[in-house]
Amino acid sequence: MSGPVVVAVDGPAASGKSTLARRLAQALGLAFLDTGLLYRAVGKRLLDAGADPADERAALEAVAALRPEEVEASRLAGERIGEAASKVAAIPAVREALLPWQRRFARTPPGAVLAGRDVGTVVCPDATVKLFVTASLEERARRRFEELRRRGETPMLRAVLDELRERDRRDTERAVAPLRAADDAFVLDTTALDADAAFAVARRRVEEALARCEKRGGPSGTYANP
Ligand code: C5P
């Protein structure tokens with residue numbers, strides 16, 4: 001197959017898409033980018049500066065000042081930064097400013113798996129394979145609740161569920177690049193699947209799609225989904 005392979009993995013908060021995408025990248029020998037970290041890093045800069053995450057000018061300044069070493073998962077976890085990220089992510093100029101970075105990453109050989117909200121619809125609409133990973137709100141809240149408990153926190157399930165519902169609302173209702181499955185994405189509902197089972201289904205779909213693409217001699221950029 002000529003050209004870089006791009007696998008787009010989109011889905012709502014706490015759907016398990018990032019973990020799944022990272023495992024896919026490892027299995028396929030591709031680079032991995034969690035695009036949510038870019039928005040989180042911008043959100044954190046604004047919080048640290050005491051600025052409003054919805055302030056367009058401050059947010060654009062934060063994007064311009066962003067250094068690659070700030071885009072590091074361990075520094076950017078937590079609901080407070082996630083919420084700030086979803087506010088900066090609703091600013092069209094911020095999304096525009098972060099596009100070239102994401103596209104450059106995707107196009108670097110041999111290719112990449114990108115996890116996010118709009119990878120298959122906006123960032124890489126010509127991705128080789130697209131997955132949309134989702135689960136019910138209740139199941140996502142349960143997983144996030146368990147994850148917080150494992151980190152030693154004492155969350156309230158109700159509060160976790162309400163925060164996720166609010167983030168879903170902001171991500172799906174924003175005017176630019178709202179969260180939605182691309183028309184040609186394979187939708188993977190993991191409500192009844194554990195992480196290993198979800199990965200097994202995703203891997204099979206991706207490998208089938210890549211094999212179809214290779215058979216056609218198609219360069220990456222050829223839609224490989226049925
Ligand atoms: O995936 P994660 O929870 O780290 O993303 C944080 C926020 O960044 C999301 O709620 C969403 O608003 C935003 N985001 C986005 N587009 C992406 C990735 C994340 O709008 N591609």
# chains A, B, ... in the order shown; residues from 1 in each chain; ligands from 1
$ residues_near_ligand --ligand "ligand 1" --cutoff "6 Å" --atoms "only C-alpha atoms and all ligand atoms" --output "NGL selection string"
:A and (13 or 35-37 or 39-40 or 82 or 85-86 or 89 or 116-119 or 167 or 171)
$ residues_around --residues "Val5 in chain A" --least-positions-apart "6" --cutoff "7 Å" --atoms "only C-alpha atoms" --output "list in words"
Pro110, Gly111, Ala112, Thr128 and Ser220 of chain A
$ write_last_selection --atoms "all heavy atoms" --output "compact mmCIF listing (two decimals), in the first residue's frame"
# COMPACT_ATOMS: atom_id res chain seq x y z
N PRO A 110 5.21 5.94 8.69
CA PRO A 110 4.32 5.11 7.88
C PRO A 110 2.83 5.41 8.08
O PRO A 110 1.99 4.77 7.47
CB PRO A 110 4.65 3.70 8.41
CG PRO A 110 4.97 3.92 9.86
CD PRO A 110 5.66 5.26 9.91
N GLY A 111 2.51 6.39 8.94
CA GLY A 111 1.11 6.71 9.19
C GLY A 111 0.82 6.69 10.68
O GLY A 111 1.72 6.50 11.49
N ALA A 112 -0.44 6.89 11.03
CA ALA A 112 -0.76 7.07 12.44
C ALA A 112 -2.20 6.68 12.75
O ALA A 112 -3.05 6.64 11.87
CB ALA A 112 -0.53 8.54 12.81
N THR A 128 -7.77 6.22 6.02
CA THR A 128 -7.87 4.89 5.42
C THR A 128 -8.98 4.07 6.08
O THR A 128 -9.71 3.35 5.40
CB THR A 128 -6.52 4.14 5.60
OG1 THR A 128 -5.45 5.07 5.53
CG2 THR A 128 -6.35 3.07 4.55
N SER A 220 -3.26 5.17 0.56
CA SER A 220 -4.04 5.60 1.70
C SER A 220 -4.83 6.80 1.21
O SER A 220 -4.42 7.53 0.33
CB SER A 220 -3.15 5.95 2.87
OG SER A 220 -2.97 7.32 2.95
$ select_by_dssp --residues "range 4-171 of chain A" --states "strand (DSSP E)" --output "NGL selection string"
:A and (5-10 or 31-34 or 111-116 or 129-134)
$ residues_around --residues "Gln102 in chain A" --least-positions-apart "2" --cutoff "10 Å" --atoms "only C-alpha atoms" --output "list in words"
Leu33, Asp34, Thr35, Leu38, Ala97, Leu98, Leu99, Pro100, Arg104, Phe105, Ala106, Arg107, Leu114, Val119, Val123 and Cys124 of chain A
$ select_by_dssp --residues "range 4-217 of chain A" --states "alpha helix (DSSP H)" --output "PyMOL selection string"
chain A and resi 17-28+36-48+56-65+79-88+92-107+137-150+157-173+195-215
$ write_last_selection --atoms "C-alpha atoms" --output "compact mmCIF listing (two decimals), in the first residue's frame"
# COMPACT_ATOMS: atom_id res chain seq x y z
CA LYS A 17 -11.30 5.30 22.40
CA SER A 18 -7.83 6.53 23.42
CA THR A 19 -6.79 3.26 25.07
CA LEU A 20 -8.14 1.32 22.12
CA ALA A 21 -6.44 3.62 19.60
CA ARG A 22 -3.11 3.36 21.41
CA ARG A 23 -3.31 -0.45 21.33
CA LEU A 24 -4.19 -0.39 17.63
CA ALA A 25 -1.19 1.82 16.88
CA GLN A 26 1.09 -0.57 18.73
CA ALA A 27 -0.34 -3.62 16.94
CA LEU A 28 -0.07 -1.96 13.51
CA GLY A 36 -7.75 15.61 22.99
CA LEU A 37 -4.38 16.30 24.62
CA LEU A 38 -3.87 19.30 22.34
CA TYR A 39 -7.14 20.86 23.56
CA ARG A 40 -6.32 19.86 27.13
CA ALA A 41 -2.87 21.49 26.93
CA VAL A 42 -4.44 24.73 25.69
CA GLY A 43 -7.12 24.52 28.41
CA LYS A 44 -4.48 23.99 31.10
CA ARG A 45 -2.45 26.99 29.93
CA LEU A 46 -5.54 29.16 30.29
CA LEU A 47 -6.42 27.77 33.72
CA ASP A 48 -2.83 28.29 34.91
CA GLU A 56 -10.83 33.45 22.02
CA ARG A 57 -7.88 35.84 22.12
CA ALA A 58 -6.33 34.25 25.20
CA ALA A 59 -6.93 30.79 23.75
CA LEU A 60 -5.22 31.66 20.44
CA GLU A 61 -2.26 33.07 22.33
CA ALA A 62 -2.09 29.83 24.29
CA VAL A 63 -2.11 27.79 21.03
CA ALA A 64 0.72 29.92 19.60
CA ALA A 65 2.80 29.48 22.77
CA GLU A 79 -12.12 16.64 34.78
CA ARG A 80 -11.21 20.30 35.43
CA ILE A 81 -8.77 20.33 32.51
CA GLY A 82 -11.19 18.23 30.41
CA GLU A 83 -13.91 20.79 30.93
CA ALA A 84 -11.60 23.70 30.05
CA ALA A 85 -10.55 21.70 26.96
CA SER A 86 -14.13 21.30 25.82
CA LYS A 87 -14.62 25.09 26.15
CA VAL A 88 -11.54 26.00 24.10
CA PRO A 92 -13.61 27.72 15.72
CA ALA A 93 -10.33 29.68 15.40
CA VAL A 94 -8.68 27.39 17.96
CA ARG A 95 -9.77 24.28 16.03
CA GLU A 96 -8.46 25.82 12.82
CA ALA A 97 -5.12 26.68 14.42
CA LEU A 98 -4.65 23.09 15.64
CA LEU A 99 -5.48 21.44 12.29
CA PRO A 100 -2.08 21.69 10.51
CA TRP A 101 -0.30 20.11 13.47
CA GLN A 102 -2.70 17.14 13.50
CA ARG A 103 -2.58 16.67 9.71
CA ARG A 104 1.21 16.79 9.60
CA PHE A 105 1.32 14.11 12.27
CA ALA A 106 -1.16 11.90 10.37
CA ARG A 107 0.72 12.19 7.08
CA LEU A 137 -23.70 7.34 29.19
CA GLU A 138 -24.26 5.16 32.28
CA GLU A 139 -21.53 2.70 31.30
CA ARG A 140 -19.05 5.47 30.49
CA ALA A 141 -19.80 7.11 33.85
CA ARG A 142 -19.27 3.78 35.61
CA ARG A 143 -15.88 3.30 33.91
CA ARG A 144 -14.76 6.85 34.67
CA PHE A 145 -15.93 6.43 38.30
CA GLU A 146 -13.86 3.23 38.69
CA GLU A 147 -10.85 4.87 37.07
CA LEU A 148 -11.01 7.80 39.52
CA ARG A 149 -11.32 5.39 42.46
CA ARG A 150 -8.26 3.48 41.25
CA LEU A 157 -21.17 8.48 40.60
CA ARG A 158 -23.99 11.00 40.12
CA ALA A 159 -21.54 13.89 39.71
CA VAL A 160 -19.40 11.91 37.25
CA LEU A 161 -22.50 11.12 35.20
CA ASP A 162 -23.67 14.76 35.21
CA GLU A 163 -20.22 16.01 34.12
CA LEU A 164 -20.10 13.52 31.25
CA ARG A 165 -23.61 14.46 30.14
CA GLU A 166 -22.61 18.13 30.10
CA ARG A 167 -19.42 17.38 28.13
CA ASP A 168 -21.44 15.28 25.61
CA ARG A 169 -23.83 18.19 25.21
CA ARG A 170 -21.04 20.70 24.61
CA ASP A 171 -19.18 18.38 22.21
CA THR A 172 -22.23 17.42 20.14
CA GLU A 173 -23.97 20.80 20.03
CA ALA A 195 -11.41 -3.52 26.80
CA ASP A 196 -9.89 -6.71 25.34
CA ALA A 197 -13.09 -7.69 23.52
CA ALA A 198 -13.48 -4.16 22.10
CA PHE A 199 -9.86 -4.19 20.93
CA ALA A 200 -10.30 -7.59 19.25
CA VAL A 201 -13.33 -6.36 17.26
CA ALA A 202 -11.62 -3.09 16.33
CA ARG A 203 -8.41 -4.79 15.25
CA ARG A 204 -10.28 -7.25 13.04
CA ARG A 205 -12.23 -4.45 11.35
CA VAL A 206 -9.12 -2.37 10.76
CA GLU A 207 -7.09 -5.28 9.40
CA GLU A 208 -9.95 -6.29 7.08
CA ALA A 209 -10.22 -2.73 5.82
CA LEU A 210 -6.47 -2.41 5.27
CA ALA A 211 -6.42 -5.74 3.39
CA ARG A 212 -9.27 -4.54 1.12
CA CYS A 213 -7.41 -1.33 0.51
CA GLU A 214 -4.19 -3.17 -0.33
CA LYS A 215 -6.01 -5.50 -2.74
$ closest_residue --among "A:Ala90, A:Pro53, A:Gly16, A:Val71" --to "Ala175 in chain A" --atoms "only C-alpha atoms"
A:Ala90
$ closest_residue --among "A:Ala49, A:Phe32, A:Ala14, A:Thr134" --to "Ala115 in chain A" --atoms "only C-alpha atoms"
A:Phe32
$ atom_distance --atom1 "CA of Asp189 in chain A" --atom2 "CA of Ser136 in chain A"
8.2 Å
$ atom_distance --atom1 "CA of Val129 in chain A" --atom2 "CA of Asp184 in chain A"
8.7 Å
$ closest_residue --among "A:Leu66, A:Gly78, A:Arg174, A:Phe132" --to "Gly11 in chain A" --atoms "only C-alpha atoms"
A:Phe132
